[in-house]
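Enquirer: One structure coming up, written as structure tokens, with questions to follow.
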Amino acid sequence: MTDETIKTSSIGDDLISPEDLRRIAEEREMAKLKEALEHEKKLQEEQSGVRDAFMNQHIRPDAKERFTRAVRAAAERGVNEIQITRFPSSYCTDGGRAINNFEPDWPNSLTGFAREVYEIFDKTLRAKGYKLRAQVLDYPGGMPGDIGLFLRW
């Protein structure tokens, strides 16, 4: 065996193999996937918590005073409408379809806090001359996004 043969074979023994490189790349890809899945799970848990809060939220005891201050301040600014609440269209039973299509029975699609707001409006404010309208506020990906409920006078 020559010195050249010995040098070549010892260099080859120290090189990382293509199989090792593929394994390293696969491990990295799996780590990225695991991180993405954990991030998605965390986002879903947060969204679920927000949704639960919306579904279980109720009109506050000081709502009458807050309402009076808000509409008075709006009127003093020359405004005749205020946004009462904003929520994702996915909180509607139909994903916001009835609101988006201006259907007269759109209130039937409301759930949670939005439903409670509508019921208070219907029982208390409608007879006083107020009007409530719902509007799709944005269209992410071409689909209804957030819904706003607006009180007019």
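How things are named: the first chain in the structure tokens is A, the next is B, and so on; residues count from 1 in each chain; ligands count from 1 in the order shown.
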Which residues of segment 13-102 of chain A sit at most 6 Å from segment 109-123 of chain A, using only C-alpha atoms? Give each one's shortest atom pair and distance in Å (one decimal place), in chain and ascending residue order, as JSON lines.
Expert:
```
{"residue": "A:Phe54", "atom": "CA", "partner": "A:Phe113", "partner_atom": "CA", "distance": 5.7}
{"residue": "A:Met55", "atom": "CA", "partner": "A:Gly112", "partner_atom": "CA", "distance": 3.8}
{"residue": "A:Gln57", "atom": "CA", "partner": "A:Phe113", "partner_atom": "CA", "distance": 5.5}
{"residue": "A:Cys92", "atom": "CA", "partner": "A:Leu110", "partner_atom": "CA", "distance": 5.1}
{"residue": "A:Thr93", "atom": "CA", "partner": "A:Ser109", "partner_atom": "CA", "distance": 4.9}
```
Enquirer: DSSP on the backbone: what in chain A comes out strand (DSSP E), as a list in words?
Expert: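 Selecting the strand (DSSP E) positions of chain A gives Glu81, Ile82, Gln83, Ile84, Thr85, Arg86, Phe87, Pro88, Lys131, Leu132, Arg133, Ala134, Gln135, Val136, Asp146, Ile147, Gly148, Leu149, Phe150, Leu151 and Arg152 of chain A.
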Enquirer: In Å, how far is it from atom CA of Leu132 of chain A to atom CA of Ser48 of chain A?
Expert: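 Atom CA of Ser48 of chain A lies 27.5 Å from atom CA of Leu132 of chain A.
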Enquirer: With only C-alpha atoms as the atoms that count, which of A:Gly142, A:Pro107, A:Gly129, A:Pro88 lies nearest to Gln47 of chain A?
Expert: A:Pro88
Enquirer: Run DSSP on the backbone and give me the residues of segment 12-112 of chain A it puts in helix (DSSP H, G or I), as number ranges by chain.
Expert: A: 12-14, 18-56, 63-76, 89-91, 97-100, 106-109, 112
Enquirer: With only C-alpha atoms as the counted atoms, please give the residues lying no more than 8 Å from Ala134 of chain A, apart from itself and same-chain residues fewer than 4 positions off, as a list in words.
Expert: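 Listing them by chain and then by number gives Ile99, Ile147, Gly148, Leu149 and Phe150 of chain A.
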Enquirer: Which residue gives the smallest distance to Lys131 of chain A among A:Asp52, A:Glu19, A:Glu26, A:Glu81, with only C-alpha atoms counted?
Expert: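 Closest to Lys131 of chain A of all the choices is A:Glu81.
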Enquirer: Could you check which of A:Ile16, A:Ala53, A:Leu151, A:Leu137 is closest to Ile84 of chain A, using only C-alpha atoms?
Expert: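 Going through A:Ile16, A:Ala53, A:Leu151, A:Leu137 one by one, the smallest distance to Ile84 of chain A is for A:Leu151.
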